[in-house]
>>> print(open('coords-v2.pdb').read())   # PDB, C-alpha atoms
ATOM      1  CA  MET A  24       0.000   0.000   0.000  1.00  0.00           C
ATOM      2  CA  LEU A  25       1.425   3.410  -1.040  1.00  0.00           C
ATOM      3  CA  GLU A  26       0.903   6.591   0.959  1.00  0.00           C
ATOM      4  CA  ASN A  27       2.779   9.880   0.486  1.00  0.00           C
ATOM      5  CA  ASN A  28       5.469   8.272  -1.688  1.00  0.00           C
ATOM      6  CA  ARG A  29       6.126   5.579   0.933  1.00  0.00           C
ATOM      7  CA  PHE A  30       4.955   1.992   1.141  1.00  0.00           C
ATOM      8  CA  LEU A  31       3.118   1.123   4.339  1.00  0.00           C
ATOM      9  CA  ILE A  32       4.351  -2.135   5.847  1.00  0.00           C
ATOM     10  CA  THR A  33       3.461  -4.228   8.865  1.00  0.00           C
ATOM     11  CA  ILE A  34       5.912  -5.640  11.385  1.00  0.00           C
ATOM     12  CA  ASP A  35       5.398  -9.162   9.998  1.00  0.00           C
ATOM     13  CA  ASP A  36       6.552  -7.919   6.585  1.00  0.00           C
ATOM     14  CA  ASP A  37       9.846  -6.424   7.768  1.00  0.00           C
ATOM     15  CA  ASP A  38      12.107  -9.444   7.429  1.00  0.00           C
ATOM     16  CA  GLU A  39      10.614 -10.542   4.113  1.00  0.00           C
ATOM     17  CA  ILE A  40      10.937  -7.031   2.669  1.00  0.00           C
ATOM     18  CA  GLY A  41      14.579  -6.849   3.754  1.00  0.00           C
ATOM     19  CA  ASN A  42      15.404 -10.203   2.224  1.00  0.00           C
ATOM     20  CA  ASN A  43      13.749  -9.218  -1.036  1.00  0.00           C
ATOM     21  CA  HIS A  44      15.477  -5.816  -1.191  1.00  0.00           C
ATOM     22  CA  VAL A  45      12.319  -3.733  -1.451  1.00  0.00           C
ATOM     23  CA  SER A  46      12.682   0.037  -1.297  1.00  0.00           C
ATOM     24  CA  THR A  47      10.068   1.977   0.663  1.00  0.00           C
ATOM     25  CA  SER A  48      10.877   5.440  -0.703  1.00  0.00           C
ATOM     26  CA  TYR A  49      13.038   7.288  -3.230  1.00  0.00           C
ATOM     27  CA  ASP A  50      14.059   9.584  -0.374  1.00  0.00           C
ATOM     28  CA  THR A  51      16.510   8.228   2.171  1.00  0.00           C
ATOM     29  CA  PRO A  52      14.441   7.498   5.316  1.00  0.00           C
ATOM     30  CA  LEU A  53      15.651  10.007   7.898  1.00  0.00           C
ATOM     31  CA  LYS A  54      14.089  10.861  11.231  1.00  0.00           C
ATOM     32  CA  ASN A  55      13.407  14.410  12.375  1.00  0.00           C
ATOM     33  CA  GLY A  56      16.510  15.911  13.948  1.00  0.00           C
ATOM     34  CA  ALA A  57      18.832  13.543  12.096  1.00  0.00           C
ATOM     35  CA  PHE A  58      21.624  16.144  12.130  1.00  0.00           C
ATOM     36  CA  ASP A  59      21.151  17.607  15.602  1.00  0.00           C
ATOM     37  CA  LEU A  60      24.084  15.627  17.015  1.00  0.00           C
ATOM     38  CA  SER A  61      27.654  16.556  16.153  1.00  0.00           C
ATOM     39  CA  ASP A  62      29.834  14.029  14.358  1.00  0.00           C
ATOM     40  CA  ASP A  63      32.019  13.696  17.456  1.00  0.00           C
ATOM     41  CA  LEU A  64      29.028  12.843  19.641  1.00  0.00           C
ATOM     42  CA  LYS A  65      27.709  10.371  17.075  1.00  0.00           C
ATOM     43  CA  ILE A  66      31.098   8.644  17.038  1.00  0.00           C
ATOM     44  CA  GLU A  67      31.150   8.452  20.837  1.00  0.00           C
ATOM     45  CA  LEU A  68      27.633   6.999  21.034  1.00  0.00           C
ATOM     46  CA  ILE A  69      28.161   4.487  18.225  1.00  0.00           C
ATOM     47  CA  GLN A  70      31.448   3.421  19.807  1.00  0.00           C
ATOM     48  CA  ASN A  71      29.661   2.642  23.080  1.00  0.00           C
ATOM     49  CA  HIS A  72      26.866   0.721  21.370  1.00  0.00           C
ATOM     50  CA  PHE A  73      29.234  -1.252  19.168  1.00  0.00           C
ATOM     51  CA  SER A  74      31.286  -2.212  22.217  1.00  0.00           C
ATOM     52  CA  GLU A  75      28.105  -3.674  23.672  1.00  0.00           C
ATOM     53  CA  ILE A  76      27.395  -5.604  20.454  1.00  0.00           C
ATOM     54  CA  MET A  77      30.888  -7.089  20.576  1.00  0.00           C
ATOM     55  CA  ASN A  78      30.433  -7.980  24.255  1.00  0.00           C
ATOM     56  CA  ILE A  79      27.152  -9.731  23.479  1.00  0.00           C
ATOM     57  CA  LEU A  80      28.881 -11.704  20.736  1.00  0.00           C
ATOM     58  CA  GLY A  81      31.403 -12.861  23.330  1.00  0.00           C
ATOM     59  CA  LEU A  82      34.458 -11.029  22.012  1.00  0.00           C
ATOM     60  CA  ASP A  83      37.262 -10.023  24.376  1.00  0.00           C
ATOM     61  CA  LEU A  84      37.616  -6.243  24.129  1.00  0.00           C
ATOM     62  CA  THR A  85      40.803  -6.321  26.198  1.00  0.00           C
ATOM     63  CA  ASP A  86      42.586  -8.095  23.342  1.00  0.00           C
ATOM     64  CA  ASP A  87      45.050  -5.798  21.556  1.00  0.00           C
ATOM     65  CA  SER A  88      43.507  -6.571  18.158  1.00  0.00           C
ATOM     66  CA  LEU A  89      39.930  -5.839  19.252  1.00  0.00           C
ATOM     67  CA  LYS A  90      40.070  -3.049  21.806  1.00  0.00           C
ATOM     68  CA  GLY A  91      40.210  -0.294  19.187  1.00  0.00           C
ATOM     69  CA  THR A  92      37.533  -1.804  16.964  1.00  0.00           C
ATOM     70  CA  PRO A  93      34.470   0.018  18.379  1.00  0.00           C
ATOM     71  CA  LYS A  94      36.035   3.438  17.803  1.00  0.00           C
ATOM     72  CA  ARG A  95      37.306   2.458  14.345  1.00  0.00           C
ATOM     73  CA  VAL A  96      33.838   1.264  13.337  1.00  0.00           C
ATOM     74  CA  ALA A  97      32.185   4.389  14.726  1.00  0.00           C
ATOM     75  CA  LYS A  98      34.558   6.711  12.847  1.00  0.00           C
ATOM     76  CA  MET A  99      34.122   4.668   9.670  1.00  0.00           C
ATOM     77  CA  TYR A 100      30.337   4.900   9.903  1.00  0.00           C
ATOM     78  CA  VAL A 101      30.193   8.656  10.486  1.00  0.00           C
ATOM     79  CA  LYS A 102      33.178   9.951   8.517  1.00  0.00           C
ATOM     80  CA  GLU A 103      33.337   7.489   5.638  1.00  0.00           C
ATOM     81  CA  ILE A 104      30.809   4.882   4.543  1.00  0.00           C
ATOM     82  CA  PHE A 105      27.710   6.759   5.786  1.00  0.00           C
ATOM     83  CA  SER A 106      28.998  10.308   5.318  1.00  0.00           C
ATOM     84  CA  GLY A 107      26.526  10.819   2.457  1.00  0.00           C
ATOM     85  CA  LEU A 108      23.658  10.978   4.940  1.00  0.00           C
ATOM     86  CA  ASN A 109      24.659  14.508   5.909  1.00  0.00           C
ATOM     87  CA  PRO A 110      23.741  17.209   3.348  1.00  0.00           C
ATOM     88  CA  ALA A 111      26.763  19.184   4.556  1.00  0.00           C
ATOM     89  CA  ASN A 112      28.904  16.618   2.749  1.00  0.00           C
ATOM     90  CA  ALA A 113      27.208  17.090  -0.620  1.00  0.00           C
ATOM     91  CA  PRO A 114      29.725  17.834  -3.393  1.00  0.00           C
ATOM     92  CA  LYS A 115      30.251  21.454  -4.302  1.00  0.00           C
ATOM     93  CA  ILE A 116      29.030  21.770  -7.879  1.00  0.00           C
ATOM     94  CA  ALA A 117      30.399  24.260 -10.400  1.00  0.00           C
ATOM     95  CA  LEU A 118      28.709  24.649 -13.778  1.00  0.00           C
ATOM     96  CA  PHE A 119      30.268  26.062 -16.921  1.00  0.00           C
ATOM     97  CA  ASP A 120      28.730  27.591 -20.008  1.00  0.00           C
ATOM     98  CA  ASN A 121      28.562  25.197 -22.915  1.00  0.00           C
ATOM     99  CA  LYS A 122      30.729  27.459 -25.098  1.00  0.00           C
ATOM    100  CA  TYR A 123      31.433  24.698 -27.607  1.00  0.00           C
ATOM    101  CA  HIS A 124      27.673  24.264 -28.109  1.00  0.00           C
ATOM    102  CA  TYR A 125      28.152  20.531 -27.779  1.00  0.00           C
ATOM    103  CA  ASN A 126      24.668  19.076 -28.079  1.00  0.00           C
ATOM    104  CA  GLU A 127      25.373  15.345 -28.084  1.00  0.00           C
ATOM    105  CA  MET A 128      25.314  13.141 -25.014  1.00  0.00           C
ATOM    106  CA  LEU A 129      28.232  13.172 -22.613  1.00  0.00           C
ATOM    107  CA  VAL A 130      28.864   9.793 -21.007  1.00  0.00           C
ATOM    108  CA  GLU A 131      30.877   9.061 -17.867  1.00  0.00           C
ATOM    109  CA  LYS A 132      31.031   5.280 -17.501  1.00  0.00           C
ATOM    110  CA  ASN A 133      32.539   2.732 -15.116  1.00  0.00           C
ATOM    111  CA  ILE A 134      32.324   4.994 -12.056  1.00  0.00           C
ATOM    112  CA  SER A 135      33.324   2.693  -9.186  1.00  0.00           C
ATOM    113  CA  PHE A 136      31.384   2.983  -5.935  1.00  0.00           C
ATOM    114  CA  TYR A 137      30.914   1.236  -2.615  1.00  0.00           C
ATOM    115  CA  SER A 138      27.633   1.442  -0.785  1.00  0.00           C
ATOM    116  CA  ASN A 139      25.878  -0.539   1.954  1.00  0.00           C
ATOM    117  CA  CYS A 140      22.611  -2.442   1.874  1.00  0.00           C
ATOM    118  CA  GLU A 141      20.181  -0.796   4.271  1.00  0.00           C
ATOM    119  CA  HIS A 142      18.596  -4.163   5.128  1.00  0.00           C
ATOM    120  CA  HIS A 143      21.723  -5.930   6.387  1.00  0.00           C
ATOM    121  CA  PHE A 144      24.448  -3.219   6.480  1.00  0.00           C
ATOM    122  CA  VAL A 145      26.800  -5.182   4.213  1.00  0.00           C
ATOM    123  CA  PRO A 146      28.503  -3.798   1.095  1.00  0.00           C
ATOM    124  CA  ILE A 147      27.117  -3.133  -2.354  1.00  0.00           C
ATOM    125  CA  VAL A 148      29.974  -2.892  -4.852  1.00  0.00           C
ATOM    126  CA  GLY A 149      29.440  -1.727  -8.405  1.00  0.00           C
ATOM    127  CA  LYS A 150      29.844   0.671 -11.280  1.00  0.00           C
ATOM    128  CA  ALA A 151      27.624   3.522 -12.390  1.00  0.00           C
ATOM    129  CA  HIS A 152      27.258   4.798 -15.949  1.00  0.00           C
ATOM    130  CA  VAL A 153      25.931   8.347 -16.256  1.00  0.00           C
ATOM    131  CA  ALA A 154      25.022  10.463 -19.284  1.00  0.00           C
ATOM    132  CA  TYR A 155      23.420  13.829 -19.943  1.00  0.00           C
ATOM    133  CA  ILE A 156      22.721  16.176 -22.831  1.00  0.00           C
ATOM    134  CA  ALA A 157      23.662  19.756 -21.980  1.00  0.00           C
ATOM    135  CA  ASN A 158      20.990  22.421 -21.700  1.00  0.00           C
ATOM    136  CA  GLY A 159      23.220  25.507 -21.809  1.00  0.00           C
ATOM    137  CA  GLN A 160      25.642  24.454 -19.077  1.00  0.00           C
ATOM    138  CA  VAL A 161      27.980  21.544 -18.366  1.00  0.00           C
ATOM    139  CA  ILE A 162      29.380  20.040 -15.190  1.00  0.00           C
ATOM    140  CA  GLY A 163      32.988  19.130 -14.390  1.00  0.00           C
ATOM    141  CA  LEU A 164      33.602  15.429 -15.054  1.00  0.00           C
ATOM    142  CA  SER A 165      34.941  14.670 -11.571  1.00  0.00           C
ATOM    143  CA  LYS A 166      31.756  16.100 -10.051  1.00  0.00           C
ATOM    144  CA  ILE A 167      29.728  13.307 -11.632  1.00  0.00           C
ATOM    145  CA  ASN A 168      31.902  10.784  -9.787  1.00  0.00           C
ATOM    146  CA  ARG A 169      31.483  12.749  -6.565  1.00  0.00           C
ATOM    147  CA  ILE A 170      27.695  12.826  -6.935  1.00  0.00           C
ATOM    148  CA  VAL A 171      27.624   9.044  -7.373  1.00  0.00           C
ATOM    149  CA  GLN A 172      29.833   8.556  -4.323  1.00  0.00           C
ATOM    150  CA  TYR A 173      27.831  11.012  -2.205  1.00  0.00           C
ATOM    151  CA  PHE A 174      24.581   9.107  -2.661  1.00  0.00           C
ATOM    152  CA  ALA A 175      26.353   5.750  -2.379  1.00  0.00           C
ATOM    153  CA  LYS A 176      27.777   6.654   1.046  1.00  0.00           C
ATOM    154  CA  ARG A 177      24.611   5.937   2.975  1.00  0.00           C
ATOM    155  CA  PRO A 178      22.493   2.862   3.709  1.00  0.00           C
ATOM    156  CA  GLN A 179      20.934   2.170   0.311  1.00  0.00           C
ATOM    157  CA  VAL A 180      18.911   0.061  -2.021  1.00  0.00           C
ATOM    158  CA  GLN A 181      20.114   0.109  -5.607  1.00  0.00           C
ATOM    159  CA  GLU A 182      16.860   1.378  -7.105  1.00  0.00           C
ATOM    160  CA  ARG A 183      16.896   4.412  -4.825  1.00  0.00           C
ATOM    161  CA  LEU A 184      20.575   5.096  -5.486  1.00  0.00           C
ATOM    162  CA  THR A 185      19.927   5.101  -9.242  1.00  0.00           C
ATOM    163  CA  VAL A 186      17.023   7.538  -9.007  1.00  0.00           C
ATOM    164  CA  GLN A 187      18.745   9.835  -6.500  1.00  0.00           C
ATOM    165  CA  ILE A 188      21.758  10.274  -8.785  1.00  0.00           C
ATOM    166  CA  ALA A 189      19.512  10.952 -11.791  1.00  0.00           C
ATOM    167  CA  ASN A 190      17.261  13.417  -9.954  1.00  0.00           C
ATOM    168  CA  TYR A 191      20.216  15.324  -8.487  1.00  0.00           C
ATOM    169  CA  LEU A 192      21.792  15.772 -11.920  1.00  0.00           C
ATOM    170  CA  LYS A 193      18.477  16.840 -13.438  1.00  0.00           C
ATOM    171  CA  ASP A 194      18.100  19.482 -10.746  1.00  0.00           C
ATOM    172  CA  VAL A 195      21.700  20.746 -11.053  1.00  0.00           C
ATOM    173  CA  LEU A 196      21.814  20.787 -14.856  1.00  0.00           C
ATOM    174  CA  LYS A 197      18.223  22.028 -15.319  1.00  0.00           C
ATOM    175  CA  THR A 198      17.460  19.312 -17.826  1.00  0.00           C
ATOM    176  CA  GLU A 199      15.471  16.083 -17.934  1.00  0.00           C
ATOM    177  CA  ASP A 200      17.974  14.603 -20.417  1.00  0.00           C
ATOM    178  CA  VAL A 201      19.815  12.393 -17.932  1.00  0.00           C
ATOM    179  CA  ALA A 202      20.461   8.647 -17.932  1.00  0.00           C
ATOM    180  CA  VAL A 203      21.884   6.443 -15.178  1.00  0.00           C
ATOM    181  CA  VAL A 204      22.625   2.715 -15.248  1.00  0.00           C
ATOM    182  CA  ILE A 205      24.084   0.858 -12.268  1.00  0.00           C
ATOM    183  CA  ASP A 206      25.507  -2.672 -12.249  1.00  0.00           C
ATOM    184  CA  ALA A 207      26.352  -3.912  -8.758  1.00  0.00           C
ATOM    185  CA  VAL A 208      27.033  -6.945  -6.606  1.00  0.00           C
ATOM    186  CA  HIS A 209      25.236  -7.184  -3.256  1.00  0.00           C
ATOM    187  CA  LEU A 210      27.052  -8.979  -0.470  1.00  0.00           C
ATOM    188  CA  CYS A 211      23.728  -9.585   1.260  1.00  0.00           C
ATOM    189  CA  VAL A 212      23.059 -11.930  -1.681  1.00  0.00           C
ATOM    190  CA  SER A 213      26.561 -13.379  -2.131  1.00  0.00           C
ATOM    191  CA  SER A 214      27.789 -13.699   1.470  1.00  0.00           C
ATOM    192  CA  ARG A 215      24.541 -14.691   3.252  1.00  0.00           C
ATOM    193  CA  GLY A 216      21.059 -15.942   2.475  1.00  0.00           C
ATOM    194  CA  VAL A 217      21.109 -17.575  -0.960  1.00  0.00           C
ATOM    195  CA  GLU A 218      24.927 -17.143  -1.162  1.00  0.00           C
ATOM    196  CA  ASP A 219      24.955 -16.570  -4.920  1.00  0.00           C
ATOM    197  CA  THR A 220      28.402 -15.259  -5.839  1.00  0.00           C
ATOM    198  CA  SER A 221      27.866 -15.002  -9.603  1.00  0.00           C
ATOM    199  CA  SER A 222      24.864 -12.685  -9.998  1.00  0.00           C
ATOM    200  CA  SER A 223      24.734  -8.906 -10.238  1.00  0.00           C
ATOM    201  CA  THR A 224      21.874  -6.398 -10.258  1.00  0.00           C
ATOM    202  CA  ILE A 225      21.265  -3.794 -12.970  1.00  0.00           C
ATOM    203  CA  THR A 226      19.023  -0.752 -12.510  1.00  0.00           C
ATOM    204  CA  SER A 227      18.369   2.221 -14.770  1.00  0.00           C
ATOM    205  CA  SER A 228      16.768   5.634 -14.916  1.00  0.00           C
ATOM    206  CA  PHE A 229      16.093   7.385 -18.248  1.00  0.00           C
ATOM    207  CA  GLY A 230      14.787  10.928 -18.556  1.00  0.00           C
ATOM    208  CA  GLY A 231      13.896  13.314 -21.364  1.00  0.00           C
ATOM    209  CA  LYS A 232      15.529  12.453 -24.690  1.00  0.00           C
ATOM    210  CA  PHE A 233      16.809   9.173 -23.269  1.00  0.00           C
ATOM    211  CA  ASN A 234      13.251   7.869 -23.420  1.00  0.00           C
ATOM    212  CA  ASN A 235      13.670   7.949 -27.191  1.00  0.00           C
ATOM    213  CA  ASP A 236      14.713   4.480 -28.383  1.00  0.00           C
ATOM    214  CA  GLN A 237      17.528   5.745 -30.602  1.00  0.00           C
ATOM    215  CA  CYS A 238      19.076   7.934 -27.913  1.00  0.00           C
ATOM    216  CA  ARG A 239      18.707   5.261 -25.241  1.00  0.00           C
ATOM    217  CA  ASN A 240      20.208   2.556 -27.462  1.00  0.00           C
ATOM    218  CA  GLU A 241      23.160   4.783 -28.341  1.00  0.00           C
ATOM    219  CA  PHE A 242      23.873   5.287 -24.634  1.00  0.00           C
ATOM    220  CA  LEU A 243      23.545   1.575 -23.878  1.00  0.00           C
ATOM    221  CA  GLN A 244      25.857   0.716 -26.753  1.00  0.00           C
ATOM    222  CA  LEU A 245      28.461   3.222 -25.566  1.00  0.00           C
ATOM    223  CA  ILE A 246      28.573   1.848 -22.038  1.00  0.00           C
ATOM    224  CA  LYS A 247      28.615  -1.715 -23.392  1.00  0.00           C
ATOM    225  CA  ASN A 248      31.696  -0.931 -25.478  1.00  0.00           C
TER     226      ASN A 248
END
>>> encode(input="coords-v2.pdb", output="structure tokens")
Amino acid sequence: MLENNRFLITIDDDDEIGNNHVSTSYDTPLKNGAFDLSDDLKIELIQNHFSEIMNILGLDLTDDSLKGTPKRVAKMYVKEIFSGLNPANAPKIALFDNKYHYNEMLVEKNISFYSNCEHHFVPIVGKAHVAYIANGQVIGLSKINRIVQYFAKRPQVQERLTVQIANYLKDVLKTEDVAVVIDAVHLCVSSRGVEDTSSSTITSSFGGKFNNDQCRNEFLQLIKN
């Protein structure tokens, strides 16, 4: 059941939805006041909670190899792999006039990224292929990579990641002519559950001129090559 761009679920559905990688919203689910705490306080709190998780698992936190793990995990969560949750970490975007009047598609392919499945908090590893057709202005090539990495650095599902990248570029470039394809491996599929190590997942988002068969096929052929 859909309400206000979110699917309503019951408690009994939670585990099944997680195992089937269903997304509940194209917006990252954030609670009110998500950014009220400083990064330093978040690290301190996560460190304490992760210490308790390790204790429950029966690990010896006095061991030289383990005693620093809670703080390392906390810093990694806040400063690295989930840093894309905070809008303050969004890439600074500079646009340039399209002085060459280049009106064909620009394709940035094989953008490597690491994300994390929001259902099991294990890695998603893949490549993104992004294209746009300029509408007066162009974006620096490295910024496309940074946009992909910004949205990847949060708990994700691949469908949402694909749409978030596309929508962000549409908003920045003021054009609907944006295409995104993502091909990724999910460790929640390969390292647990069904334990399938050979499959990957492909998602796509096509806007504007990329809904035209000829334009879309040209893009798909370019990233295939």
>>> closest_residue(input="coords-v2.pdb", among="A:Leu210, A:Leu82, A:Val186, A:Cys238", to="A:Thr226", atoms="only C-alpha atoms")
A:Val186
>>> closest_residue(input="coords-v2.pdb", among="A:Asp50, A:Glu141, A:Asp194, A:Glu199", to="A:Cys211", atoms="all atoms listed in the file")
A:Glu141
>>> residues_around(input="coords-v2.pdb", residues="A:Lys94", least_positions_apart="3", cutoff="9 Å", atoms="all atoms listed in the file", output="MDAnalysis selection string")
chainID A and resid 66:67 69:71 73:74 90:91 97:99
>>> write_last_selection(input="coords-v2.pdb", atoms="C-alpha atoms", output="compact mmCIF listing (two decimals), in the coordinates of the input")
# COMPACT_ATOMS: atom_id res chain seq x y z
CA ILE A 66 31.10 8.64 17.04
CA GLU A 67 31.15 8.45 20.84
CA ILE A 69 28.16 4.49 18.23
CA GLN A 70 31.45 3.42 19.81
CA ASN A 71 29.66 2.64 23.08
CA PHE A 73 29.23 -1.25 19.17
CA SER A 74 31.29 -2.21 22.22
CA LYS A 90 40.07 -3.05 21.81
CA GLY A 91 40.21 -0.29 19.19
CA ALA A 97 32.18 4.39 14.73
CA LYS A 98 34.56 6.71 12.85
CA MET A 99 34.12 4.67 9.67
>>> resolve_selection(input="coords-v2.pdb", expression="the PyMOL selection byres ((chain A and resi 245) around 12)", output="number ranges by chain")
A: 128-133, 152-154, 204, 238-244, 246-248
>>> closest_residue(input="coords-v2.pdb", among="A:Tyr100, A:Phe136, A:Tyr173, A:Phe229", to="A:Ala189", atoms="all atoms listed in the file")
A:Phe229
>>> residues_around(input="coords-v2.pdb", residues="A:Val148", least_positions_apart="3", cutoff="8 Å", atoms="all atoms listed in the file", output="list of chain:residue names")
A:Ser135, A:Phe136, A:Tyr137, A:Ser138, A:Ala207, A:Val208, A:His209
>>> axis_aligned_box(input="coords-v2.pdb", around="stretch 183-188 of chain A", padding_each_side="6 Å", output="lines of an AutoDock Vina configuration file")
center_x = 19.3
center_y = 7.3
center_z = -7.0
size_x = 16.9
size_y = 17.9
size_z = 16.4
>>> resolve_selection(input="coords-v2.pdb", expression="the PyMOL selection byres ((chain A and resi 101) around 10)", output="list in words")
Asp62, Asp63, Lys65, Ile66, Ile69, Val96, Ala97, Lys98, Met99, Tyr100, Lys102, Glu103, Ile104, Phe105, Ser106, Gly107, Leu108, Asn109, Lys176 and Arg177 of chain A
>>> residues_near_point(input="coords-v2.pdb", point="(21.2, 1.7, 0.2)", cutoff="9 Å", atoms="all atoms listed in the file", output="list of chain:residue names")
A:Ser46, A:Thr51, A:Ser138, A:Asn139, A:Cys140, A:Glu141, A:His142, A:Phe144, A:Ile147, A:Phe174, A:Ala175, A:Lys176, A:Arg177, A:Pro178, A:Gln179, A:Val180, A:Gln181, A:Glu182, A:Arg183, A:Leu184
>>> closest_residue(input="coords-v2.pdb", among="A:Lys150, A:Lys193, A:Arg95, A:His143", to="A:Asp206", atoms="all atoms listed in the file")
A:Lys150
>>> closest_residue(input="coords-v2.pdb", among="A:Leu84, A:Ala157, A:Ala151, A:Ala202", to="A:Asp120", atoms="all atoms listed in the file")
A:Ala157
>>> atom_distance(input="coords-v2.pdb", atom1="atom CA of A:Asn234", atom2="atom CA of A:Ile162")
21.8 Å
>>> resolve_selection(input="coords-v2.pdb", expression="the PyMOL selection byres ((chain A and resi 197) around 12)", output="PyMOL selection string")
chain A and resi 118+155-162+189-196+198-201+231
>>> atom_distance(input="coords-v2.pdb", atom1="atom CA of A:Asn168", atom2="atom CA of A:Thr224")
19.9 Å
>>> atom_distance(input="coords-v2.pdb", atom1="atom CA of A:Gly163", atom2="atom CA of A:Ala111")
19.9 Å
